[in-house]
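Undergrad: Structure in structure tokens, see below.
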Amino acid sequence: MTRILIVDPEAGPRAELEQLFADREDDVFHAANAEQALDAIELRQPAALLCAATLDGKGPDPMLRLCASIRGSTASHRLVLVVFSREPIAAATTRAALEAGADAVVGPDALPCIDATVDAELAKRRLLRSASELIGRLRDENRLLDDERRKSDARLVQTHATDPAVIANEVIASRPDGALLVDAEGRIVAADVGSRELVGHGLVGQPISKILPRSRLASVIGASTGEEHSRFAFDVDARRDRAPRRLQATVTALHGGATDGPGRIVLLVDLERRGPVEAAVRRTATSVTDDHYQRLLEAARAHFSLDAMPVRSEASQRLHRALVAASRHLHPVLLRGPSGSGRRGLAEILHHARHATGPLLELSCDGLDEVSQENELFGRELSSGKRSTGLVELARDGSLLLHEVEALSFDLQRRVAAVAGDARLRLIATTTASTEALVASGRLVQELSEAFAPGLIEVPPLRDRRDDLEAMIARALGGDAFDRLTESALNALVGWSWPGGLPELESELARLASIVDRRIDVADLGPEVGGVAPVNGLRDVELAPYVLDEASDGTATHKSAAWIPGREEWTITEEDPIDLDLYQKKAVLRALAESGGNRTKAAELLGVGKSSLYRKLTKWGIIGDSE
């Protein structure tokens, strides 16, 4: 038996639909409008809701609001929502209903078998729920197996590490099994007995690339300089007198000796001879070698560095100062700014600024219900009575990033506030609203607001950081970025408003970076970026050329481009109609032209405030709302 709620203001037709499900012995009840439906959902918790497309007789809007309200509630994960209509339903209405959260839309032709649609959607929901639970159980079991393996390895290490005989064997085995001396050109100068046994005889005078072609030794030796130290493993093919082997090589620079330049000492270890302690340690170690992991970490820290931030605009300078201050302590940090402003990248900068040894883990709070939020943050209840490890524990010695933190339930907000002072955990959160407004509207608890108060950082939108675009382009395309771009392409990139924020800019630059065989022109840009929008019937406003300033040392530096209308844009002619709005527009365009595109100077020429000028530019479509 299925509990079904039918929402329809027409009593007669609604009764026919109720009878269809009552004949199947389903538990059917009804509501006449959206308000009654929301109350009934909370009180009786139906499994399926059937909503008329013309609810309340006011068109589709009330139905869409009801769908959106349900999908935004805690009942969303368990409630099947079907929209139906007794009249032909327009494609636009169907699309709007599905976008609002409806699982299915049934027209008049399929209305007699709407029960089959409900059954199919319920079966789909049960299947998805079972799959989600299975994935959760598998994830928990995998974590338990990993925990057990680590504990077993630790016991093995502890057992063998207390055995004097094993310790003695391990000390002996820790010595290298062979050594090679290689000159800067990769030719073997000397080889000891152990290396000849491992690799073969007749080594002296041979290139290392010929002796061990699969080892990467030749490339490592050729690339190494100074006092670098590299360690990695490789396989050696079988010989007539022995099976294949896996060796580990440690390459260290050697100054002086028998070479004309810095030579290399190559220490070889036969991994097949290592004892139980080293084997156990190797099983628990990361699959990425230590030296390679350090290089990856250093690269990440260099990329997400405070020093690498472009800070030409005043907004970026303020942001940089706030990040520097936050990097000096471990207070919780709240990054407040619009979507697309780059808040996640700033979290990466804060994470790497403290040289954390742990990971940066993140959770999108607004995409989960309260149970899922708790399971992700603090672990899931297991069948054994224990809890799995949640993100709060996994992020120890690292950072935890909570996207849209106000979407957490009140209870979880208080629990997060309780762990915010943990010295081993950097807590970072994002939001688009002010904490005062969130507290006043009942979406953020006072405890969490107070925890974030010392570390609140305002993140400006990209439109306030237009002066940084050059540096962003240069960083994405490389040091020769301005040589790779034509003047027109550079003007278009700097002049575009980027309504999608940093994600849109970074996506476009990543695509352009793949063009390596020629210069990048306007035709290579996205259609929105490369095109120039017309200004209310006037000819397209052109971007001013990217001019070069001369620096104090005589070198040329790029200067930001601006939109400068041509004379024909602002000249009043006899063909123009007598229209005050048109004359005002042309006066503004002339002021922009005479100020070189500087809107502040243009406002001063016109004798109006800058905000008034921006409103008129937006009204006439000369700039977008996002600028």
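To be explicit about the labels: the chains of the structure tokens are called A, B, and onward in the order shown, and within each one the residues are counted from 1, while ligands get numbers from 1 in the order they are shown.
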For segment 27-35 of chain A, list every protein, DNA or RNA residue within 6 Å, evaluated using only C-alpha atoms, and leave out those in the same chain fewer than 4 positions away; present the list as number ranges by chain.

TA: A: 2-9, 66

Undergrad: Write a file of the just-selected residues containing C-alpha atoms, as a CSV table (one decimal), in the first residue's frame.

TA:
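The resulting file, selection_39.csv, is reproduced below:
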```csv
chain,number,residue,atom,x,y,z
A,2,THR,CA,1.3,3.4,-1.0
A,3,ARG,CA,0.4,6.7,0.6
A,4,ILE,CA,-0.4,9.2,-2.1
A,5,LEU,CA,-1.3,12.9,-1.8
A,6,ILE,CA,-3.3,14.5,-4.7
A,7,VAL,CA,-3.2,18.3,-5.0
A,8,ASP,CA,-6.0,19.6,-7.2
A,9,PRO,CA,-8.5,22.5,-6.6
A,66,LEU,CA,5.2,24.0,-4.7
```

Undergrad: Within 7 Å of Arg396 of chain A, counting only C-alpha atoms, which residues show up once you throw out same-chain ones fewer than 5 positions away? Write them as a PDB file with N, CA, C and O atoms, in the first residue's frame, please.

TA:
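This went into selection03.pdb:
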```
ATOM      1  N   GLY A 358      48.731  17.677   6.231  1.00  0.00           N
ATOM      2  CA  GLY A 358      47.517  16.935   5.937  1.00  0.00           C
ATOM      3  C   GLY A 358      46.858  17.443   4.668  1.00  0.00           C
ATOM      4  O   GLY A 358      47.328  18.389   4.030  1.00  0.00           O
ATOM      5  N   ARG A 424      45.041  21.633  15.276  1.00  0.00           N
ATOM      6  CA  ARG A 424      45.534  20.772  14.194  1.00  0.00           C
ATOM      7  C   ARG A 424      44.705  20.901  12.929  1.00  0.00           C
ATOM      8  O   ARG A 424      45.005  20.254  11.927  1.00  0.00           O
ATOM      9  N   LEU A 425      43.676  21.725  12.973  1.00  0.00           N
ATOM     10  CA  LEU A 425      42.738  21.785  11.855  1.00  0.00           C
ATOM     11  C   LEU A 425      42.500  23.230  11.448  1.00  0.00           C
ATOM     12  O   LEU A 425      42.125  24.062  12.271  1.00  0.00           O
TER      13      LEU A 425
END
```

Undergrad: Would you pick out the contacts of segment 439-443 of chain A at 10 Å or less, using only C-alpha atoms, so that residues sharing its chain but fewer than 6 positions from it are not included, and give the list as number ranges by chain?

TA: A: 405-410, 413, 449

Undergrad: With N, CA, C and O atoms retained, write the just-selected residues as a compact mmCIF listing (two decimals), in the first residue's frame.

TA:
```txt
# COMPACT_ATOMS: atom_id res chain seq x y z
N VAL A 405 28.41 27.38 4.19
CA VAL A 405 28.33 26.78 5.53
C VAL A 405 26.97 26.99 6.17
O VAL A 405 26.54 26.20 7.03
N GLU A 406 26.25 28.04 5.77
CA GLU A 406 24.94 28.30 6.40
C GLU A 406 23.92 27.23 6.07
O GLU A 406 22.86 27.16 6.70
N ALA A 407 24.22 26.36 5.07
CA ALA A 407 23.29 25.28 4.72
C ALA A 407 23.35 24.12 5.69
O ALA A 407 22.52 23.22 5.63
N LEU A 408 24.34 24.10 6.59
CA LEU A 408 24.39 23.07 7.62
C LEU A 408 23.20 23.23 8.58
O LEU A 408 22.73 24.34 8.82
N SER A 409 22.77 22.12 9.15
CA SER A 409 21.72 22.21 10.17
C SER A 409 22.26 22.92 11.41
O SER A 409 23.47 23.01 11.61
N PHE A 410 21.37 23.44 12.24
CA PHE A 410 21.80 24.17 13.43
C PHE A 410 22.66 23.31 14.34
O PHE A 410 23.67 23.76 14.90
N GLN A 413 26.05 23.01 12.84
CA GLN A 413 26.78 24.28 12.94
C GLN A 413 27.41 24.41 14.32
O GLN A 413 28.56 24.85 14.45
N SER A 449 28.99 32.05 14.02
CA SER A 449 29.28 33.42 13.58
C SER A 449 30.42 34.01 14.39
O SER A 449 31.34 34.65 13.84
```

Undergrad: Quick one: everything within 8 Å of Arg312 of chain A, counting only C-alpha atoms, minus sequence neighbours fewer than 4 positions away in the same chain. Send it as a PyMOL selection string.

TA: chain A and resi 316-317+467-468

Undergrad: Using only C-alpha atoms for the distances, tell me which of A:Leu382, A:Ala523, A:Val105, A:Ser152 is nearest to Ala92 of chain A.

TA: A:Val105

Undergrad: Counting only C-alpha atoms, figure out which residue out of A:Gly200, A:Pro359, A:Gly345, A:Pro62 gets nearest to Ala395 of chain A.

TA: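 Of the candidates, the smallest distance to Ala395 of chain A is held by A:Pro359.
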
Undergrad: Taking 3 positions as the minimum chain separation for residues in the same chain, which residues sit within 9 Å of Leu502 of chain A when counting only C-alpha atoms? Answer as a JSON list (two decimals) with C-alpha atoms, in the first residue's frame.

TA:
```json
[["chain", "number", "residue", "atom", "x", "y", "z"],
["A", 340, "GLY", "CA", 32.65, 32.69, -9.32],
["A", 341, "SER", "CA", 34.91, 34.98, -7.27],
["A", 342, "GLY", "CA", 37.55, 32.27, -6.74],
["A", 461, "PRO", "CA", 33.95, 39.78, -7.63],
["A", 462, "LEU", "CA", 36.11, 39.57, -10.73],
["A", 498, "TRP", "CA", 33.31, 37.81, -17.72],
["A", 499, "PRO", "CA", 29.83, 37.44, -16.20],
["A", 505, "LEU", "CA", 37.94, 33.21, -17.37],
["A", 506, "GLU", "CA", 40.02, 30.19, -16.34],
["A", 507, "SER", "CA", 38.10, 27.87, -18.66]]
```

Undergrad: Per DSSP on the backbone, what are the helix (DSSP H, G or I) residues of segment 278-420 of chain A, as a VMD selection string?

TA: chain A and resid 278 to 284 290 to 303 306 to 308 314 to 327 343 to 353 365 to 367 370 to 378 391 to 394 405 to 407 410 to 419

Undergrad: Which residues are close to segment 604-613 of chain A, i.e. within 12 Å by only C-alpha atoms, leaving aside same-chain residues fewer than 2 positions away? Reply as a list in words.

TA: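 That gives Gln584, Lys585, Lys586, Ala587, Val588, Leu589, Arg590, Ala591, Leu592, Ala593, Glu594, Ser595, Gly596, Asn598, Arg599, Thr600, Lys601, Ala602, Arg615, Lys616, Leu617, Thr618, Lys619, Trp620, Ile622, Ile623 and Glu627 of chain A.
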
Undergrad: What's around Ala47 of chain A at 12 Å? Count only C-alpha atoms, leave out sequence neighbours fewer than 6 positions away in its own chain, and write the answer as a VMD selection string.

TA: chain A and resid 1 to 6 26 to 29 40 to 41 75 to 82 118 to 119 121 to 123 125 to 126
